[in-house]
Amino acid sequence: MDRRKFLKATGTLVAATTLARGAAARAAPGSAEGRQVLPLNRNWRYSRTRVEGAQDKGFDDSAFERVVVPHTNVRLPWHSFDEKSYQFVSVYRRRFKLPPRARGQHVFVDFEGVMAASTVWLNGTRLGEYRGGFTPFSFDLTPHLDFAGENVLVVEVDSTERPDIPPFGDQVDYLTFGGIYREVSLRIVAASFLENIFVRPVNVLSSRPALDVDCFVQHLEPGQAPLQLEAELCDDRERVVARASLRIPGPAAGSEPSAHTVRFGTLPAVKLWDLQHPNLYRVRVRLLSEGHLLDQDERRFGFRSARFTDHGFELNGKVIKLRGLNRHQTFPFVGAAMPRRVQRRDAQILRQHLKCNIVRTSHYPQSRHFLDACDELGLLVLEEIPGWQHIGDASWKDLAVDNVRRMIRRDWNHPAIILWGVRINESSDDHDFYARTNATAHQLDPTRQTGGIRAFQESELLEDVFTMNDFGYPLKAPNHPCYLNTEFVGHTYNTKSIDNADRLMEHTLRHARVHDQLASNPQYAGGIAWCAFDYNTHQDFGSGDRICYHGVADIFREAKPAAGFYRSQCDPSEEVVVEPAIHWAPSDEAGGLSKIVVCSNCEQLKLFVGGKLLIEGQPDRAQFPHLPHAPFVFELGESLDKWGDLRIEGYIAGRQVIVKRYSGQGLDRDFAVLPDDAQLVADGADCTRVVLRVTDEFGNVRPFANDAIRLELTGPAELIGDNPFVLVGGVGAIWIRAQERAGVARITASHPLLGQRHVEVEIAAAPPDSV
C-alpha cells in the first residue's frame, strides 16, 4: 500500500507512515513487559570521511573514533566558522549482540534524528535511505540479524545541504549541522505489537469527561486467535483511575497498522492541564492473545481544551493572551547534538526565567525532551515542519507532507502543543501543496487546529489560524477571525549585549510596543517574537560572523536587557521583577544619560543615586496602556548631577517589595562560575552548562569585561567549548560532558585579575549498556 494513502479502522483515520512508525511508538528506555527498548547510544565508531568497505560486517573499524550519541559530526567555534565545515559524508558503526529473549521476536532500530540523509546497513545488507534531518525513522532489522552472534549496524550520514531534502534548495536563515544528533534505540517486539497510541480526551470541560484511546496494532505475521486490548488510566501518582478494554479480530499480516479505539466512558473528576497547573496523566495499554501478553506501552497526556477563536486563544474556556518567543534548537560548539538535560533547560529558561507562555519550534520539529519539559512546565507550543521560504519540486513536496505525518504521529499526545504549523515558513502560496499538508494534519489529528507561517496578508488561508510574521510597526490589523503574530522585531533591530544604552533601551521598547498593540485587540491571539536566543546562520545573513543577534538572550542563553521585558510581564505573586534596560554607566548614551527604562511589575519605583532620591514614578501607561505591566520610562533631563551607585526600590500597594543595587564605580569586582546542575550521569552524553560572569560588587554583569578565562578540568568529564574562553559582554559559557565512569569533575576557572574559582559536579554511575 502507498504510504500516502490513508487507513481507516473502527472510525479512526490515520496516516500509514511505514518508516516512522517505530520512532513514533518508542517507549522510555529500558525493559517493559512484552517489549524491550534498549538504548543504542554508546560504543559507536565514527569516521569523518566515507571509507571504502565500511558498510561490510567484517570491516576493521579499530581506527575509527569511539563516540556517544547525541553526536555532532564536527565541533566548531561558537562563531566565525565556515558552514561548509560540517557539510560532508561521515560513517557511524555500532556492534551489538541481542539478549536471548530477542530470539523469535522482531527487532527494529529507531533513530530520533540524523542530519540530513541516512543510509543504513545491517551485517553488510543495505536497508535503505531516509531523507530528512528533523523527523524520526526506523528500519526492521529482523531478516538480517544474527540472533546468536555479533551484529554490525552502519549508518552513512550525508550532512550536505541536498536540494532534494527540506529545508534545502535555496537560502536558509539557520544552520542544520550534522551527525546522529538525537538518540538511537533497539525495539524488540512480538509479531503483533502496539505501533502507536493516540490519546484523545473528550468533553473535558463538561461534568462527564471521557477518553478515546486510538491503538494502532501492527501485525507482521498472520494469526487465528482474536486479540484483546486493555487500557488503564493513571493519575500523576500512578493510581489507576479507570479501565477499559476492546476485543479485536485475529491478525492478518500486513504492512500497515490497523487502528482500534478503546473508549473510556464517563470518568471521575479529572484535573485539567493548564499553564499554572500542568496536570499530567498516563494511559497504559496491553495487547493480549488468549490471556498471553504480547505487548505493552504507555503515553503521557493532559486533559485540556485549546482553541483559537475570533476573540483570541482559549485554554479550557478561558481567554489567554499568548506571549512568547521563537526557539532554534542549536547550541554553540556542537550544533543540535545536546542531550535530554540541556534540551529541557531551554524550556525552563523560556517558562521560568523569561515567563513566556508559548514557544514556536522554528522552523522544524524539535527534541522530544524539550517538548516533554513544555508539558511539565505549562509552556504552550506551536510546532511546525522543516522549511524556510523555499518550496522544491514534487518529490521535495512529498517529503514535506511526510514530515507533517511524522511530526504529528510523534507528538500528538503532548498537551502543550496547541497548533500544527503545516506551511513552509514565509513561503509563497501553493494551493495544491498546502491543501495536502492541511488535510493530512486534520486527518491525523482532528483535535488540533492548523496554522501556516506567512509574511504577507494577501496569502490564501487554507488552515484554521492565520499565523503571520509582521515586522512592521504598527502591526497590520487582523484580517481573519483567528489570528496569531508569529515573528516581530528580530532582524529589524539586531542587538548585542555590548551595545550602548540607546540601542538596548530601544530594543526593549520595541518588544514592549508590539505586545502592547497585541493586547489592545482581542482578535490578536497574541505574539511570538523573534527570537529567544541568538543563533548560527549562513554567510548570507547575520552580522558577518555567522550569528544572527536577534535574540533577547545571547547564544549562550544569557539574558540581554530586552529579556527583562518578558520577565516583567508575570504576576508579582510569581516573582517581583525589576530589570533596567541599560547597563549602569554615566555616559552610556550620546550626550549623557538622560533617560532610563526599567521593566518591572511593581506599581511604583524609586531610583536613588549615591543615596539621594533621583526620581520616582509609575508605569508608563500613556505609552503602554494595554500591557499587564508597562515599562517605567524615566526622563532625567539634567537631574543626574552627581554619579554614584544606583538603588532601585519597588513598591506594591505602598509596601516596599524589592531592592536592587548597581555599582557606580565602573570596576570589575567579582568573577562567578555557575554550573546549571550539580550532578550528571556517567553515560557519555549527559551535559550541563557552566556560565562564566564578571560582575560588579552587587552581582550585575560588567558588559565590557572581555577577559580570557583559562579553564582546567579534572575527573571523568570533558569540556565542550573554547579554552581559554574569551568573555563577550562580560559573560559566556562552556558545557561539560560526562564520560562513562563515575566520579567528581572539578573545574578551575582562572581570571587574569580576579583569581580562580573552583566548582565541582558529581558524575553518578549510569546503568550498564544492554547491548
# chains A, B, ... in the order shown; residues from 1 in each chain; ligands from 1
call {"tool": "closest_atom_pairs", "arguments": {"of": "stretch 160-212 of chain A", "to": "stretch 411-430 of chain A", "cutoff": "10 Å", "atoms": "only C-alpha atoms", "output": "JSON lines"}}
result
{"residue": "A:Pro166", "atom": "CA", "partner": "A:Ile424", "partner_atom": "CA", "distance": 9.2}
{"residue": "A:Pro167", "atom": "CA", "partner": "A:Ile424", "partner_atom": "CA", "distance": 8.3}
{"residue": "A:Ile197", "atom": "CA", "partner": "A:Asn413", "partner_atom": "CA", "distance": 8.4}
{"residue": "A:Phe198", "atom": "CA", "partner": "A:Asn413", "partner_atom": "CA", "distance": 6.3}
{"residue": "A:Val199", "atom": "CA", "partner": "A:Asn413", "partner_atom": "CA", "distance": 6.2}
{"residue": "A:Arg200", "atom": "CA", "partner": "A:Asn413", "partner_atom": "CA", "distance": 8.0}
call {"tool": "residues_around", "arguments": {"residues": "A:Leu484", "least_positions_apart": "5", "cutoff": "7 Å", "atoms": "only C-alpha atoms", "output": "list in words"}}
result
Phe466, Thr467, Met468, Tyr524, Ala525, Gly526 and Gly527 of chain A
call {"tool": "write_last_selection", "arguments": {"atoms": "all heavy atoms", "output": "PDB file, in the first residue's frame"}}
result
ATOM      1  N   PHE A 466      -4.733  32.088  10.951  1.00  0.00           N
ATOM      2  CA  PHE A 466      -3.848  32.900  10.112  1.00  0.00           C
ATOM      3  C   PHE A 466      -2.652  33.293  10.977  1.00  0.00           C
ATOM      4  O   PHE A 466      -2.748  34.145  11.860  1.00  0.00           O
ATOM      5  CB  PHE A 466      -4.578  34.149   9.610  1.00  0.00           C
ATOM      6  CG  PHE A 466      -3.907  34.810   8.432  1.00  0.00           C
ATOM      7  CD1 PHE A 466      -4.244  34.443   7.133  1.00  0.00           C
ATOM      8  CD2 PHE A 466      -2.952  35.795   8.617  1.00  0.00           C
ATOM      9  CE1 PHE A 466      -3.635  35.051   6.038  1.00  0.00           C
ATOM     10  CE2 PHE A 466      -2.336  36.406   7.536  1.00  0.00           C
ATOM     11  CZ  PHE A 466      -2.673  36.035   6.242  1.00  0.00           C
ATOM     12  N   THR A 467      -1.509  32.643  10.719  1.00  0.00           N
ATOM     13  CA  THR A 467      -0.297  32.878  11.500  1.00  0.00           C
ATOM     14  C   THR A 467       0.641  33.729  10.662  1.00  0.00           C
ATOM     15  O   THR A 467       1.049  33.337   9.569  1.00  0.00           O
ATOM     16  CB  THR A 467       0.353  31.547  11.899  1.00  0.00           C
ATOM     17  OG1 THR A 467       0.315  30.650  10.785  1.00  0.00           O
ATOM     18  CG2 THR A 467      -0.407  30.895  13.050  1.00  0.00           C
ATOM     19  N   MET A 468       1.031  34.892  11.196  1.00  0.00           N
ATOM     20  CA  MET A 468       1.616  35.954  10.368  1.00  0.00           C
ATOM     21  C   MET A 468       2.896  36.512  10.985  1.00  0.00           C
ATOM     22  O   MET A 468       2.918  36.906  12.155  1.00  0.00           O
ATOM     23  CB  MET A 468       0.570  37.078  10.236  1.00  0.00           C
ATOM     24  CG  MET A 468       1.055  38.321   9.544  1.00  0.00           C
ATOM     25  SD  MET A 468       1.253  38.074   7.759  1.00  0.00           S
ATOM     26  CE  MET A 468       1.786  39.709   7.261  1.00  0.00           C
ATOM     27  N   TYR A 524      -6.262  39.752  18.139  1.00  0.00           N
ATOM     28  CA  TYR A 524      -4.876  39.279  18.179  1.00  0.00           C
ATOM     29  C   TYR A 524      -4.816  38.196  19.259  1.00  0.00           C
ATOM     30  O   TYR A 524      -4.993  38.485  20.451  1.00  0.00           O
ATOM     31  CB  TYR A 524      -3.911  40.385  18.561  1.00  0.00           C
ATOM     32  CG  TYR A 524      -3.679  41.477  17.548  1.00  0.00           C
ATOM     33  CD1 TYR A 524      -3.968  42.803  17.867  1.00  0.00           C
ATOM     34  CD2 TYR A 524      -3.111  41.215  16.309  1.00  0.00           C
ATOM     35  CE1 TYR A 524      -3.721  43.832  16.972  1.00  0.00           C
ATOM     36  CE2 TYR A 524      -2.857  42.236  15.396  1.00  0.00           C
ATOM     37  CZ  TYR A 524      -3.171  43.540  15.733  1.00  0.00           C
ATOM     38  OH  TYR A 524      -2.919  44.551  14.849  1.00  0.00           O
ATOM     39  N   ALA A 525      -4.546  36.960  18.878  1.00  0.00           N
ATOM     40  CA  ALA A 525      -4.412  35.908  19.895  1.00  0.00           C
ATOM     41  C   ALA A 525      -3.189  36.124  20.762  1.00  0.00           C
ATOM     42  O   ALA A 525      -3.089  35.583  21.865  1.00  0.00           O
ATOM     43  CB  ALA A 525      -4.343  34.542  19.219  1.00  0.00           C
ATOM     44  N   GLY A 526      -2.248  36.917  20.274  1.00  0.00           N
ATOM     45  CA  GLY A 526      -1.009  37.180  20.994  1.00  0.00           C
ATOM     46  C   GLY A 526       0.143  37.214  20.020  1.00  0.00           C
ATOM     47  O   GLY A 526      -0.054  37.369  18.807  1.00  0.00           O
ATOM     48  N   GLY A 527       1.353  37.079  20.549  1.00  0.00           N
ATOM     49  CA  GLY A 527       2.510  37.188  19.680  1.00  0.00           C
ATOM     50  C   GLY A 527       3.690  36.373  20.168  1.00  0.00           C
ATOM     51  O   GLY A 527       3.901  36.186  21.373  1.00  0.00           O
TER      52      GLY A 527
END
call {"tool": "closest_atom_pairs", "arguments": {"of": "stretch 414-512 of chain A", "to": "stretch 531-543 of chain A", "cutoff": "10 Å", "atoms": "only C-alpha atoms", "output": "tab-separated table"}}
result
residue	atom	partner	partner_atom	distance
A:Thr486	CA	A:Cys531	CA	10.0
A:Glu487	CA	A:Cys531	CA	7.7
A:Phe488	CA	A:Cys531	CA	8.3
A:Val489	CA	A:Cys531	CA	8.3
A:Gly490	CA	A:Cys531	CA	6.2
A:His491	CA	A:Gly542	CA	8.2
A:Asn494	CA	A:Ser543	CA	8.5
A:Thr495	CA	A:Asp534	CA	9.6
A:Lys496	CA	A:Asp534	CA	9.2
call {"tool": "write_last_selection", "arguments": {"atoms": "N, CA, C and O atoms", "output": "compact mmCIF listing (two decimals), in the first residue's frame"}}
result
# COMPACT_ATOMS: atom_id res chain seq x y z
N THR A 486 3.45 35.68 14.64
CA THR A 486 4.44 34.64 14.92
C THR A 486 5.90 35.10 14.81
O THR A 486 6.79 34.33 15.16
N GLU A 487 6.16 36.30 14.32
CA GLU A 487 7.50 36.88 14.38
C GLU A 487 7.38 38.40 14.34
O GLU A 487 6.55 38.94 13.58
N PHE A 488 8.22 39.08 15.11
CA PHE A 488 8.36 40.54 15.05
C PHE A 488 9.65 40.94 15.75
O PHE A 488 10.27 40.14 16.44
N VAL A 489 10.07 42.17 15.52
CA VAL A 489 11.34 42.77 15.98
C VAL A 489 12.50 42.05 15.29
O VAL A 489 12.86 42.40 14.16
N GLY A 490 13.14 41.08 15.92
CA GLY A 490 14.15 40.26 15.28
C GLY A 490 15.18 41.00 14.45
O GLY A 490 15.89 41.88 14.95
N HIS A 491 15.23 40.66 13.15
CA HIS A 491 16.27 41.18 12.27
C HIS A 491 16.14 42.68 12.02
O HIS A 491 17.09 43.31 11.54
N ASN A 494 18.77 44.21 15.24
CA ASN A 494 19.79 43.36 15.86
C ASN A 494 20.41 44.07 17.05
O ASN A 494 20.77 45.25 16.97
N THR A 495 20.57 43.36 18.13
CA THR A 495 21.11 43.99 19.34
C THR A 495 22.04 43.02 20.06
O THR A 495 21.70 41.85 20.25
N LYS A 496 23.19 43.53 20.45
CA LYS A 496 24.17 42.76 21.21
C LYS A 496 24.23 43.27 22.64
O LYS A 496 23.90 44.43 22.92
call {"tool": "residues_around", "arguments": {"residues": "A:His511", "least_positions_apart": "3", "cutoff": "9 Å", "atoms": "only C-alpha atoms", "output": "PyMOL selection string"}}
result
chain A and resi 488-489+506-508+514-516+529+562+565-566
call {"tool": "residues_around", "arguments": {"residues": "stretch 240-243 of chain A", "least_positions_apart": "6", "cutoff": "10 Å", "atoms": "only C-alpha atoms", "output": "short mmCIF file (atom, residue, chain, number, x, y, z; two decimals) with C-alpha atoms, in the first residue's frame"}}
result
data_model
loop_
_atom_site.label_atom_id
_atom_site.label_comp_id
_atom_site.auth_asym_id
_atom_site.auth_seq_id
_atom_site.Cartn_x
_atom_site.Cartn_y
_atom_site.Cartn_z
CA GLU A 230 -6.73 -3.48 27.81
CA ALA A 231 -6.15 0.12 28.88
CA GLU A 232 -5.62 1.79 32.25
CA LEU A 233 -5.84 5.49 33.02
CA CYS A 234 -3.37 6.54 35.73
CA VAL A 262 -10.64 1.85 23.23
CA ARG A 263 -13.28 4.08 24.78
CA PHE A 264 -13.43 5.04 28.43
CA GLY A 265 -16.95 6.05 29.42
CA THR A 266 -17.69 8.85 31.83
CA LEU A 267 -14.68 9.37 34.05
CA PRO A 268 -14.49 10.59 37.62
CA ALA A 269 -13.46 14.21 38.06
CA VAL A 270 -10.19 14.94 36.25
CA TYR A 281 -1.95 11.55 33.23
CA ARG A 282 -0.81 8.29 31.63
CA VAL A 283 -2.62 5.67 29.61
CA ARG A 284 -1.16 2.17 29.74
CA VAL A 285 -2.21 -0.23 27.00
#
call {"tool": "select_by_dssp", "arguments": {"residues": "stretch 390-583 of chain A", "states": "strand (DSSP E or B)", "output": "ChimeraX atom specification"}}
result
/A:417-421,449-454,465-469,483-487,489,524-530,533,535-536,547-548,553,559,578-580
call {"tool": "closest_residue", "arguments": {"among": "A:Ala682, A:Val401, A:Leu379, A:Val114", "to": "A:His277", "atoms": "only C-alpha atoms"}}
result
A:Leu379
call {"tool": "atom_distance", "arguments": {"atom1": "atom CA of A:Ala54", "atom2": "atom CA of A:Glu183"}}
result
21.9 Å
call {"tool": "residues_around", "arguments": {"residues": "A:Val109", "least_positions_apart": "3", "cutoff": "8 Å", "atoms": "only C-alpha atoms", "output": "PyMOL selection string"}}
result
chain A and resi 22+138-141+184-187
